[in-house]
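Chemist: Just one file: start.csv, with CSV, C-alpha atoms.
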chain,number,residue,atom,x,y,z
A,1,MET,CA,0.0,0.0,0.0
A,2,ARG,CA,2.8,2.4,1.0
A,3,GLU,CA,4.7,1.6,-2.2
A,4,GLY,CA,1.6,2.4,-4.4
A,5,ILE,CA,1.1,5.7,-2.7
A,6,ALA,CA,4.8,6.6,-3.0
A,7,GLU,CA,4.8,5.6,-6.7
A,8,GLY,CA,1.6,7.6,-7.4
A,9,ARG,CA,3.2,10.7,-5.8
A,10,ARG,CA,6.4,10.2,-7.7
A,11,LEU,CA,4.5,9.9,-11.0
A,12,LEU,CA,2.4,13.0,-10.3
A,13,ASP,CA,5.6,14.9,-9.4
A,14,ALA,CA,7.2,13.8,-12.7
A,15,ILE,CA,4.1,14.8,-14.7
A,16,GLY,CA,3.6,18.1,-12.9
A,17,TRP,CA,1.0,20.5,-14.1
A,18,ALA,CA,0.2,18.5,-17.2
A,19,ALA,CA,-1.7,16.0,-15.0
A,20,LEU,CA,-4.4,18.7,-14.5
A,21,LEU,CA,-4.7,19.8,-18.1
A,22,PRO,CA,-7.5,17.4,-19.2
A,23,LEU,CA,-9.5,18.4,-16.1
A,24,LEU,CA,-9.0,22.1,-16.8
A,25,LEU,CA,-10.0,21.7,-20.5
A,26,ALA,CA,-13.0,19.7,-19.6
A,27,ALA,CA,-14.0,22.4,-17.2
A,28,LEU,CA,-13.6,25.0,-20.0
A,29,GLY,CA,-16.0,22.9,-22.1
A,30,GLN,CA,-18.4,22.9,-19.2
A,31,VAL,CA,-18.2,26.7,-18.9
A,32,PHE,CA,-19.1,27.0,-22.6
A,33,THR,CA,-21.9,24.5,-22.2
A,34,GLU,CA,-23.3,26.4,-19.1
A,35,SER,CA,-23.0,29.7,-20.9
A,36,GLY,CA,-25.5,28.4,-23.5
A,37,VAL,CA,-23.2,27.5,-26.4
A,38,GLY,CA,-24.6,24.0,-26.4
A,39,ALA,CA,-28.2,25.2,-26.5
A,40,ALA,CA,-27.4,27.6,-29.3
A,41,ILE,CA,-25.9,24.8,-31.3
A,42,ALA,CA,-28.9,22.7,-30.6
A,43,ALA,CA,-31.2,25.5,-31.8
A,44,ILE,CA,-29.2,26.0,-35.0
A,45,ALA,CA,-29.0,22.3,-35.7
A,46,THR,CA,-32.7,21.7,-35.2
A,47,ASP,CA,-33.5,24.6,-37.5
A,48,PHE,CA,-31.3,23.4,-40.4
A,49,LEU,CA,-31.3,19.6,-40.1
A,50,PRO,CA,-34.0,17.7,-41.8
A,51,ALA,CA,-36.4,16.3,-39.2
A,52,GLY,CA,-35.9,12.6,-38.6
A,53,ASN,CA,-32.6,12.4,-40.4
A,54,ALA,CA,-30.3,10.6,-38.0
A,55,THR,CA,-27.4,10.4,-40.5
A,56,ALA,CA,-27.4,14.2,-41.0
A,57,ALA,CA,-27.5,14.8,-37.3
A,58,LEU,CA,-24.6,12.3,-36.9
A,59,ALA,CA,-22.6,14.1,-39.6
A,60,VAL,CA,-23.2,17.5,-38.0
A,61,PHE,CA,-22.1,16.0,-34.6
A,62,ALA,CA,-18.9,14.5,-36.0
A,63,LEU,CA,-18.0,17.6,-38.0
A,64,GLY,CA,-18.8,19.8,-35.1
A,65,MET,CA,-16.6,17.8,-32.8
A,66,VAL,CA,-13.7,18.3,-35.3
A,67,LEU,CA,-14.5,22.0,-35.8
A,68,PHE,CA,-14.8,22.8,-32.0
A,69,THR,CA,-11.6,20.9,-31.3
A,70,VAL,CA,-9.8,23.0,-33.9
A,71,ILE,CA,-11.2,26.2,-32.4
A,72,MET,CA,-10.7,25.2,-28.8
A,73,GLY,CA,-7.5,23.3,-29.3
A,74,ASN,CA,-8.6,20.1,-27.5
A,75,ALA,CA,-11.3,17.5,-27.6
A,76,PHE,CA,-11.9,17.7,-23.8
A,77,ALA,CA,-13.2,21.2,-24.3
A,78,ALA,CA,-15.2,20.5,-27.4
A,79,PHE,CA,-16.9,17.3,-26.1
A,80,PRO,CA,-19.3,18.8,-23.5
A,81,VAL,CA,-20.4,21.5,-25.9
A,82,MET,CA,-21.2,19.2,-28.8
A,83,MET,CA,-22.7,16.5,-26.6
A,84,ALA,CA,-25.0,19.0,-25.0
A,85,GLY,CA,-25.9,20.6,-28.3
A,86,ILE,CA,-26.4,17.7,-30.7
A,87,GLY,CA,-25.4,14.4,-29.0
A,88,LEU,CA,-27.9,14.3,-26.2
A,89,PRO,CA,-31.0,16.1,-27.6
A,90,LEU,CA,-30.8,14.9,-31.2
A,91,LEU,CA,-28.9,11.7,-31.4
A,92,ILE,CA,-29.5,10.0,-28.1
A,93,HIS,CA,-33.0,11.3,-27.2
A,94,GLN,CA,-34.6,11.6,-30.7
A,95,HIS,CA,-32.8,8.9,-32.7
A,96,GLY,CA,-31.9,6.4,-29.9
A,97,ALA,CA,-28.2,6.5,-30.4
A,98,HIS,CA,-26.1,4.4,-28.0
A,99,PRO,CA,-24.5,6.9,-25.6
A,100,ALA,CA,-21.3,5.0,-24.8
A,101,ILE,CA,-20.5,4.3,-28.5
A,102,LEU,CA,-21.4,7.9,-29.5
A,103,GLY,CA,-19.2,9.4,-26.7
A,104,ALA,CA,-16.2,7.2,-27.4
A,105,MET,CA,-16.4,7.6,-31.2
A,106,GLY,CA,-17.0,11.3,-30.9
A,107,MET,CA,-13.9,11.7,-28.8
A,108,LEU,CA,-12.0,9.7,-31.3
A,109,CYS,CA,-13.3,11.8,-34.1
A,110,ALA,CA,-12.5,15.1,-32.3
A,111,GLY,CA,-9.4,14.0,-30.4
A,112,TYR,CA,-7.6,12.7,-33.4
A,113,CYS,CA,-8.9,14.6,-36.3
A,114,GLY,CA,-9.3,18.0,-34.7
A,115,THR,CA,-6.0,17.9,-32.8
A,116,LEU,CA,-4.2,16.9,-36.0
A,117,LEU,CA,-5.5,20.0,-37.7
A,118,THR,CA,-5.2,22.8,-35.2
A,119,PRO,CA,-2.3,25.1,-34.3
A,120,MET,CA,-4.1,25.5,-30.9
A,121,ALA,CA,-2.6,22.1,-29.9
A,122,ALA,CA,0.8,23.7,-29.9
A,123,ASP,CA,2.4,20.8,-28.0
A,124,PHE,CA,1.5,18.4,-30.8
A,125,ASN,CA,1.8,20.6,-33.9
A,126,LEU,CA,3.8,23.8,-33.4
A,127,VAL,CA,6.5,22.7,-30.9
A,128,PRO,CA,7.6,19.8,-33.1
A,129,ALA,CA,7.9,22.1,-36.0
A,130,ALA,CA,10.1,24.5,-34.0
A,131,LEU,CA,12.2,21.6,-32.6
A,132,LEU,CA,12.7,20.2,-36.1
A,133,GLU,CA,13.4,23.7,-37.4
A,134,LEU,CA,10.9,23.4,-40.2
A,135,ARG,CA,10.7,26.3,-42.6
A,136,ASN,CA,6.9,26.4,-42.3
A,137,PRO,CA,5.6,26.4,-38.7
A,138,TYR,CA,2.4,24.7,-39.9
A,139,GLY,CA,4.4,21.9,-41.7
A,140,VAL,CA,3.4,19.3,-39.2
A,141,ILE,CA,-0.3,20.2,-39.6
A,142,LYS,CA,0.0,20.0,-43.4
A,143,ALA,CA,1.7,16.6,-43.1
A,144,GLN,CA,-1.1,15.3,-40.8
A,145,ALA,CA,-4.1,16.7,-42.8
A,146,TRP,CA,-4.5,13.6,-45.0
A,147,SER,CA,-4.3,11.3,-42.0
A,148,ALA,CA,-6.9,13.4,-40.2
A,149,LEU,CA,-9.3,13.2,-43.2
A,150,TRP,CA,-8.9,9.4,-43.5
A,151,ILE,CA,-9.4,8.9,-39.7
A,152,PHE,CA,-12.5,11.1,-39.9
A,153,ALA,CA,-14.0,9.2,-42.7
A,154,SER,CA,-13.4,5.8,-41.1
A,155,THR,CA,-14.5,7.0,-37.7
A,156,PHE,CA,-17.7,8.5,-39.2
A,157,MET,CA,-18.4,5.2,-41.0
A,158,MET,CA,-17.9,3.2,-37.8
A,159,MET,CA,-20.2,5.6,-35.9
A,160,TRP,CA,-22.8,5.3,-38.5
A,161,LEU,CA,-22.6,1.5,-38.4
A,162,LEU,CA,-22.5,1.1,-34.6
A,163,VAL,CA,-24.3,4.0,-32.9
A,164,PHE,CA,-27.8,3.2,-34.1
A,165,ARG,CA,-27.8,-0.6,-33.8
As structure tokens, what does this structure read like?
Modeler:
Amino acid sequence: MREGIAEGRRLLDAIGWAALLPLLLAALGQVFTESGVGAAIAAIATDFLPAGNATAALAVFALGMVLFTVIMGNAFAAFPVMMAGIGLPLLIHQHGAHPAILGAMGMLCAGYCGTLLTPMAADFNLVPAALLELRNPYGVIKAQAWSALWIFASTFMMMWLLVFR
């Protein structure tokens, strides 16, 4: 027991402030949700999406996860907003989507695709470009763009196949 506690403390000391980053980003997403961003997204989505079209709602959810991750720089911040705006009211409550599959696949869609495409994720995209002394600071993002598109396409297809079963 003592060894486990000591090792846990040692690990947290080694990680430092980065151990809190996912929690802080999730809190940021909750702040956006509580401020009404999720409700605004839900209103826009219900106005423009065809009624009863689960595939269109899923596409808006997936694209929204990527877009909000690009804007916010992290999927932990984008997830609560998109889940409150489209995931819960449209996909889960209206169309009967499986919540666990939708959440996991939504995070995969946003976490991989959005993070690969945003300069806001500086630790993944801008710092490596600086360390490698690339001429273009966005060179890493340009190199990852095709991967992000293929990951998005395959993740969306898996969501479409699994989330409504």
Chemist: Just want the 8 Å neighbourhood of stretch 48-63 of chain A, counted on all atoms listed in the file, with same-chain residues fewer than 5 positions away dropped. Output as a ChimeraX atom specification.
Modeler: /A:82,86-87,90-91,95,106,109-110,156,160
Chemist: Need to verify the contact set: A:Met65, 12 Å, all atoms listed in the file, exclusion of same-chain residues closer than 2 positions in sequence. Can you return it as a PyMOL selection string?
Modeler: chain A and resi 29+38+41+58-63+67-87+102-115+152+156
Chemist: In Å, rounded to a single decimal, give me how far atom CA of A:Ala145 is from atom CA of A:Leu116.
Modeler: 6.8 Å
Chemist: Padding 6 Å on every side, please: axis-aligned box over the listed atoms of stretch 82-92 of chain A, centre and edge lengths to one decimal in Å, as AutoDock Vina command-line options.
Modeler:
--center_x -26.1 --center_y 15.3 --center_z -28.2 --size_x 21.8 --size_y 22.6 --size_z 18.4
